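K.L.:
So I've got this file, protein-v4.txt, and it contains compact mmCIF, C-alpha atoms and all ligand atoms:
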# COMPACT_ATOMS: atom_id res chain seq x y z
CA MET A 1 101.27 85.18 108.44
CA GLU A 2 98.38 85.76 110.78
CA ASN A 3 98.85 88.50 113.33
CA GLN A 4 96.07 90.09 115.32
CA ASP A 5 95.70 92.98 112.95
CA THR A 6 95.42 90.67 109.92
CA ALA A 7 92.80 88.58 111.71
CA VAL A 8 90.73 91.70 112.43
CA GLN A 9 91.05 92.86 108.83
CA VAL A 10 90.07 89.41 107.50
CA ASP A 11 86.98 89.41 109.77
CA ARG A 12 86.05 92.84 108.46
CA LEU A 13 86.48 91.73 104.84
CA VAL A 14 84.29 88.68 105.44
CA GLU A 15 81.54 90.96 106.83
CA LEU A 16 81.83 93.29 103.83
CA ILE A 17 81.55 90.33 101.43
CA ILE A 18 78.48 88.99 103.23
CA ASP A 19 76.78 92.40 103.06
CA ALA A 20 77.75 93.17 99.46
CA ARG A 21 75.62 92.53 96.39
CA ASN A 22 78.23 93.23 93.71
CA VAL A 23 81.71 92.10 94.63
CA VAL A 24 84.34 92.94 92.03
CA VAL A 25 87.80 91.40 92.39
CA PHE A 26 90.65 93.24 90.68
CA THR A 27 93.92 91.36 90.31
CA GLY A 28 97.48 92.17 89.32
CA ALA A 29 100.67 90.20 88.90
CA GLY A 30 100.90 89.69 92.70
CA VAL A 31 97.99 87.23 92.68
CA SER A 32 100.08 84.91 90.52
CA THR A 33 103.51 85.05 92.17
CA GLU A 34 102.54 82.10 94.41
CA SER A 35 102.02 80.17 91.16
CA GLY A 36 105.68 80.78 90.37
CA SER A 37 105.13 83.64 87.89
CA PRO A 38 107.32 86.61 88.72
CA ASP A 39 105.63 90.01 88.89
CA PHE A 40 107.10 93.10 87.23
CA ARG A 41 107.97 95.40 90.06
CA GLY A 42 108.27 93.19 93.14
CA PRO A 43 111.59 91.65 94.29
CA GLY A 44 112.79 89.15 91.66
CA GLY A 45 110.33 90.72 89.21
CA ILE A 46 110.63 90.54 85.43
CA TRP A 47 112.09 94.07 85.23
CA GLU A 48 115.18 92.84 87.09
CA ARG A 49 116.00 90.56 84.12
CA PHE A 50 114.36 92.20 81.13
CA ASP A 51 114.31 95.75 79.88
CA PRO A 52 110.81 97.33 79.91
CA ASP A 53 111.80 99.00 76.62
CA ASP A 54 111.67 95.58 74.98
CA PHE A 55 107.98 95.39 75.74
CA THR A 56 107.00 98.33 73.58
CA PHE A 57 104.93 97.59 70.50
CA GLN A 58 107.16 99.77 68.30
CA LYS A 59 110.30 97.93 69.30
CA PHE A 60 108.65 94.53 68.94
CA ILE A 61 107.62 95.15 65.34
CA SER A 62 110.79 96.98 64.31
CA SER A 63 113.53 94.87 65.92
CA GLU A 64 114.23 91.20 65.29
CA GLU A 65 116.54 91.19 68.31
CA THR A 66 113.64 92.30 70.54
CA ARG A 67 111.35 89.60 69.13
CA LYS A 68 114.05 87.02 69.80
CA LYS A 69 114.21 88.13 73.47
CA GLN A 70 110.41 87.99 73.74
CA TRP A 71 110.22 84.45 72.40
CA ARG A 72 113.03 83.44 74.77
CA LEU A 73 110.91 84.70 77.66
CA MET A 74 107.87 82.88 76.26
CA ARG A 75 109.88 79.68 75.96
CA GLU A 76 110.56 79.78 79.70
CA GLY A 77 106.80 79.43 80.11
CA LEU A 78 106.91 81.16 83.51
CA ILE A 79 103.58 82.84 83.00
CA THR A 80 101.94 80.62 80.42
CA GLU A 81 102.40 77.29 82.15
CA ALA A 82 101.71 78.33 85.72
CA LYS A 83 98.93 76.65 87.70
CA PRO A 84 96.30 78.41 89.82
CA ASN A 85 97.28 78.91 93.46
CA PRO A 86 95.08 79.18 96.59
CA ALA A 87 94.28 82.83 95.77
CA HIS A 88 92.82 81.93 92.35
CA HIS A 89 90.96 78.99 93.90
CA ALA A 90 89.56 81.21 96.66
CA ILE A 91 88.30 83.74 94.09
CA ALA A 92 86.62 80.89 92.17
CA GLU A 93 85.10 79.75 95.47
CA LEU A 94 83.65 83.25 95.98
CA ASP A 95 81.94 82.71 92.64
CA ARG A 96 80.54 79.32 93.69
CA LEU A 97 79.21 80.97 96.85
CA GLY A 98 77.34 83.47 94.67
CA LYS A 99 79.60 86.28 95.86
CA LEU A 100 81.46 87.28 92.72
CA ASP A 101 80.18 89.78 90.21
CA CYS A 102 83.34 89.59 88.08
CA VAL A 103 87.11 89.52 88.03
CA ILE A 104 88.97 92.36 86.37
CA THR A 105 92.53 91.32 85.78
CA GLN A 106 95.71 92.88 84.51
CA ASN A 107 97.15 89.40 84.21
CA ILE A 108 97.65 87.56 80.99
CA ASP A 109 98.06 84.08 82.46
CA ASN A 110 94.50 82.68 82.20
CA LEU A 111 94.72 81.44 85.81
CA HIS A 112 91.31 82.72 86.95
CA GLN A 113 89.67 80.68 84.21
CA LYS A 114 91.89 77.68 84.98
CA ALA A 115 90.68 77.90 88.60
CA GLY A 116 87.07 77.72 87.40
CA VAL A 117 85.77 81.27 86.90
CA ALA A 118 83.76 81.41 83.65
CA ASP A 119 85.32 83.31 80.74
CA GLU A 120 82.36 85.74 80.66
CA LYS A 121 83.12 86.83 84.21
CA VAL A 122 86.80 87.61 83.60
CA PHE A 123 87.70 90.92 82.01
CA GLU A 124 91.30 90.78 80.81
CA LEU A 125 92.58 94.32 80.39
CA HIS A 126 95.98 93.31 79.04
CA GLY A 127 95.09 90.30 76.92
CA ASN A 128 95.93 86.62 77.27
CA ASN A 129 99.28 84.97 76.68
CA ASN A 130 97.78 81.68 75.62
CA TRP A 131 97.13 82.90 72.10
CA ILE A 132 99.52 84.16 69.47
CA LYS A 133 98.27 86.28 66.58
CA CYS A 134 99.69 87.17 63.18
CA LEU A 135 99.91 90.94 62.74
CA GLY A 136 99.60 90.44 58.97
CA CYS A 137 96.62 88.17 58.32
CA GLY A 138 95.14 87.78 61.82
CA GLN A 139 95.65 83.99 61.98
CA ARG A 140 95.67 82.81 65.64
CA TYR A 141 97.84 80.01 67.04
CA PRO A 142 97.71 78.37 70.48
CA TYR A 143 100.80 79.25 72.52
CA GLN A 144 101.75 75.57 72.90
CA GLU A 145 101.96 75.16 69.13
CA VAL A 146 104.29 78.13 68.74
CA LYS A 147 106.32 77.09 71.77
CA LYS A 148 107.00 73.74 70.12
CA ARG A 149 108.43 75.55 67.12
CA ILE A 150 110.68 77.68 69.38
CA ILE A 151 111.95 74.56 71.16
CA ASP A 152 112.62 72.98 67.78
CA GLY A 153 114.97 75.88 67.04
CA ASP A 154 112.82 78.59 65.45
CA GLU A 155 114.12 81.65 67.31
CA ILE A 156 111.62 84.09 65.77
CA PRO A 157 108.57 82.11 64.63
CA GLY A 158 106.61 83.70 61.79
CA CYS A 159 103.08 83.14 60.50
CA GLN A 160 102.76 79.84 58.64
CA SER A 161 100.02 81.26 56.40
CA CYS A 162 101.47 84.59 55.28
CA GLY A 163 104.95 84.88 56.82
CA GLY A 164 103.85 87.88 58.92
CA ILE A 165 105.07 88.81 62.40
CA LEU A 166 103.59 86.74 65.23
CA LYS A 167 102.83 88.46 68.50
CA PRO A 168 101.37 87.18 71.77
CA GLU A 169 97.78 88.43 72.20
CA VAL A 170 98.81 90.67 75.05
CA VAL A 171 98.91 94.44 75.25
CA PHE A 172 102.40 95.84 74.91
CA PHE A 173 103.37 99.33 76.03
CA GLY A 174 102.23 101.75 73.36
CA GLU A 175 99.25 99.59 72.35
CA VAL A 176 95.59 100.34 72.86
CA LEU A 177 93.78 98.24 75.46
CA PRO A 178 90.92 95.99 74.31
CA VAL A 179 88.02 98.47 74.21
CA ASP A 180 85.25 96.02 75.05
CA ALA A 181 87.00 94.58 78.13
CA LEU A 182 87.88 98.08 79.30
CA GLU A 183 84.33 99.39 78.93
CA GLN A 184 82.78 96.40 80.65
CA ALA A 185 85.33 96.55 83.45
CA ALA A 186 84.61 100.24 83.99
CA ALA A 187 80.84 99.59 84.08
CA HIS A 188 81.21 96.74 86.59
CA SER A 189 83.57 98.85 88.73
CA ARG A 190 81.05 101.69 88.88
CA ASN A 191 78.33 99.23 89.83
CA ALA A 192 80.36 97.50 92.57
CA ASP A 193 79.55 97.91 96.24
CA LEU A 194 82.71 96.07 97.27
CA PHE A 195 85.93 96.26 95.26
CA ILE A 196 88.76 93.95 96.30
CA VAL A 197 92.26 94.62 94.95
CA ILE A 198 94.63 91.64 95.12
CA GLY A 199 98.33 91.84 94.24
CA SER A 200 98.63 95.09 92.33
CA THR A 201 100.73 98.20 92.81
CA LEU A 202 97.87 100.18 91.18
CA VAL A 203 100.27 102.24 89.12
CA VAL A 204 99.54 100.91 85.62
CA TYR A 205 96.85 102.95 83.86
CA PRO A 206 94.13 102.81 82.63
CA ALA A 207 93.69 99.60 84.69
CA ALA A 208 94.31 101.52 87.91
CA HIS A 209 91.31 103.75 87.15
CA MET A 210 88.99 100.86 88.06
CA PRO A 211 89.26 101.12 91.86
CA VAL A 212 88.89 104.90 91.51
CA PHE A 213 85.64 104.45 89.56
CA ALA A 214 84.41 102.03 92.23
CA VAL A 215 85.25 104.24 95.21
CA ASN A 216 83.84 107.33 93.49
CA SER A 217 80.60 105.43 93.00
CA GLY A 218 80.41 104.57 96.69
CA ALA A 219 81.99 101.10 96.86
CA SER A 220 83.98 99.92 99.85
CA LEU A 221 87.60 99.23 98.96
CA ALA A 222 89.69 96.31 100.25
CA ILE A 223 93.35 95.89 99.32
CA ILE A 224 95.39 92.72 99.81
CA ASN A 225 98.92 93.44 98.68
CA ILE A 226 102.49 93.07 99.84
CA GLY A 227 103.69 96.65 99.63
CA SER A 228 101.86 99.91 99.45
CA THR A 229 99.60 101.34 96.75
CA PRO A 230 98.49 104.92 96.04
CA MET A 231 94.97 104.00 97.26
CA ASP A 232 95.85 102.58 100.67
CA GLN A 233 94.39 105.63 102.44
CA GLN A 234 91.00 104.99 100.91
CA ALA A 235 90.84 101.31 101.82
CA GLU A 236 88.43 100.14 104.51
CA VAL A 237 90.36 96.91 104.66
CA LEU A 238 94.11 96.90 104.09
CA ILE A 239 96.01 93.65 104.43
CA SER A 240 99.70 93.29 103.80
CA GLY A 241 100.09 89.58 103.27
CA LYS A 242 100.34 86.81 100.72
CA ALA A 243 97.29 86.71 98.49
CA GLY A 244 96.93 82.92 98.68
CA GLU A 245 97.14 82.77 102.48
CA VAL A 246 94.83 85.73 103.05
CA MET A 247 92.20 84.66 100.53
CA PHE A 248 92.24 81.11 101.89
CA LEU A 249 91.39 82.50 105.34
CA VAL A 250 88.68 84.72 103.88
CA VAL A 251 86.84 81.93 102.02
CA THR A 252 87.26 79.45 104.86
CA GLN A 253 85.50 81.89 107.19
CA LEU A 254 82.95 82.73 104.57
CA LYS A 255 82.09 79.07 103.97
CA ALA A 256 81.75 78.51 107.71
CA ARG A 257 79.33 81.45 107.91
CA PHE A 258 77.30 80.16 104.95
CA ALA A 259 77.24 76.66 106.45
CA GLY A 260 76.19 78.01 109.85
P1 LIG B 1 103.13 94.87 89.71
O1 LIG B 1 104.29 93.97 89.42
O2 LIG B 1 103.28 96.33 89.45
O3 LIG B 1 102.68 94.73 91.26
C1 LIG B 1 102.49 93.51 91.89
C2 LIG B 1 102.28 93.80 93.38
O4 LIG B 1 101.92 92.57 94.02
C3 LIG B 1 103.51 94.33 94.10
O5 LIG B 1 103.13 95.35 95.00
C4 LIG B 1 104.01 93.11 94.88
O6 LIG B 1 104.70 93.45 96.07
C5 LIG B 1 102.69 92.42 95.20
N1 LIG B 1 102.81 90.99 95.45
C6 LIG B 1 103.71 90.12 94.93
N2 LIG B 1 103.44 88.87 95.36
C7 LIG B 1 102.35 88.96 96.17
C8 LIG B 1 101.60 88.01 96.90
N3 LIG B 1 101.92 86.71 96.91
N4 LIG B 1 100.54 88.44 97.60
C9 LIG B 1 100.19 89.76 97.63
N5 LIG B 1 100.89 90.71 96.96
C10 LIG B 1 101.94 90.30 96.23
O7 LIG B 1 101.89 94.27 88.92
P2 LIG B 1 100.53 94.91 88.43
O8 LIG B 1 100.03 95.94 89.37
O9 LIG B 1 99.70 93.78 88.02
O10 LIG B 1 100.90 95.72 87.10
C11 LIG B 1 101.89 95.37 86.20
C12 LIG B 1 101.58 94.57 84.95
O11 LIG B 1 102.04 93.27 85.18
C13 LIG B 1 100.21 94.30 84.51
O12 LIG B 1 100.04 95.04 83.37
C14 LIG B 1 100.19 92.80 84.09
O13 LIG B 1 99.73 92.70 82.78
C15 LIG B 1 101.60 92.43 84.13
N6 LIG B 1 102.07 91.09 84.53
C16 LIG B 1 101.25 90.00 84.56
C17 LIG B 1 101.74 88.78 84.98
C18 LIG B 1 100.82 87.59 84.95
O14 LIG B 1 99.95 87.51 84.09
N7 LIG B 1 100.97 86.67 85.89
C19 LIG B 1 103.05 88.66 85.45
C20 LIG B 1 103.88 89.81 85.39
C21 LIG B 1 103.37 91.02 84.95
In structure tokens, what does this structure look like?
Ligand code: NAD
P.N.:
Amino acid sequence: MENQDTAVQVDRLVELIIDARNVVVFTGAGVSTESGSPDFRGPGGIWERFDPDDFTFQKFISSEETRKKQWRLMREGLITEAKPNPAHHAIAELDRLGKLDCVITQNIDNLHQKAGVADEKVFELHGNNNWIKCLGCGQRYPYQEVKKRIIDGDEIPGCQSCGGILKPEVVFFGEVLPVDALEQAAAHSRNADLFIVIGSTLVVYPAAHMPVFAVNSGASLAIINIGSTPMDQQAEVLISGKAGEVMFLVVTQLKARFAG
């Protein structure tokens, strides 16, 4: 992976991290592909096998067929059962080094927390797939419990208390984002002096406003992503490479600097 340009960019990112007081890491589906979870828009992404229309809230509540497809995808466990990869571990290491203000994530896979970042430091803009909620009475079920029912043959599991529709606690198209997470993420973005984007196309809004808030407030922007984003021109550091490999290099250098 490492060419001369990448090495220079990694060095520059390490310097920026050392100088920064408030480092905000913003992640998208690309940070988790090395954990085996497909992204949406990359090659082999979820949109190559599933129709984005099936992820609208309206369709989910109005069509049994759509719910059946959703639970089939959940049963595969591609996102829910993935394990943190070197990128998640490196971000958690930034935290242990005292160099992480927070993580703002579009991901729903809980992998930042699994890698060791405290819940309070992770702002999940699109929810978390590990919980399933009844749209009728609000009863919550752990994903594993509902998955067991699907495996046992329940194609469209319903609420065991009231019979209502169960839905993963993630934001579908057409749904409002969790207000608290969004507000906190915006505040931390505006307060950042270094904003690091990892594995996002930066085309899904309002999440993609976060780097704009940060840059407009004077933060340096670093982007680690395979493929381009609309904010590449504004990045001080731009690395096209695998998140896990790049972040491993970054924290290895950082730890050496801290040790020295
Ligand atoms: P996206 O699919 O639009 O973009 C992902 C980007 O990451 C692409 O540019 C891709 O080329 C790049 N990428 C893929 N693997 C990479 C790697 N190993 N290293 C560096 N870059 C890599 O995803 P997005 O911007 O996050 O927005 C889409 C939505 O995807 C979000 O709303 C999120 O909720 C949802 N999503 C989440 C998961 C998850 O939780 N793991 C998985 C799929 C989709």
K.L.:
Write out as a PyMOL selection string which residues come within 9 Å of region 105-122 of chain A when counting only C-alpha atoms, dropping same-chain ones fewer than 2 positions away.
P.N.:
chain A and resi 25-29+31-32+37+79-85+88-93+95-96+100-103+124-130+169-170+181+200+204+207
K.L.:
To one decimal place, how far is CA of Ala222 (chain A) from CA of Arg190 (chain A) in Å?
P.N.:
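Computed distance, CA of Ala222 (chain A) to CA of Arg190 (chain A), equals 15.3 Å.
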K.L.:
Compile the contact shell of Lys99 (chain A) as a PyMOL selection string: residues with an atom at most 9 Å away, counting all atoms listed in the file, same-chain residues fewer than 3 positions apart removed.
P.N.:
chain A and resi 17-18+20-23+93-96
K.L.:
Could you list as a list in words every residue that has an atom within 12 Å of (109.0, 92.6, 89.4), using the file's coordinates and counting only C-alpha atoms?
P.N.:
Gly28, Ala29, Gly30, Ser32, Thr33, Ser37, Pro38, Asp39, Phe40, Arg41, Gly42, Pro43, Gly44, Gly45, Ile46, Trp47, Glu48, Arg49, Phe50, Asp51, Pro52, Gly199, Ser200 and Thr201 of chain A
K.L.:
For Val14 (chain A), which of A:Phe57, A:Ala214, A:Glu145, A:Leu194 is the closest residue, counting only C-alpha atoms?
P.N.:
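Checking each of A:Phe57, A:Ala214, A:Glu145, A:Leu194 against Val14 (chain A), counting only C-alpha atoms, the winner is A:Leu194.
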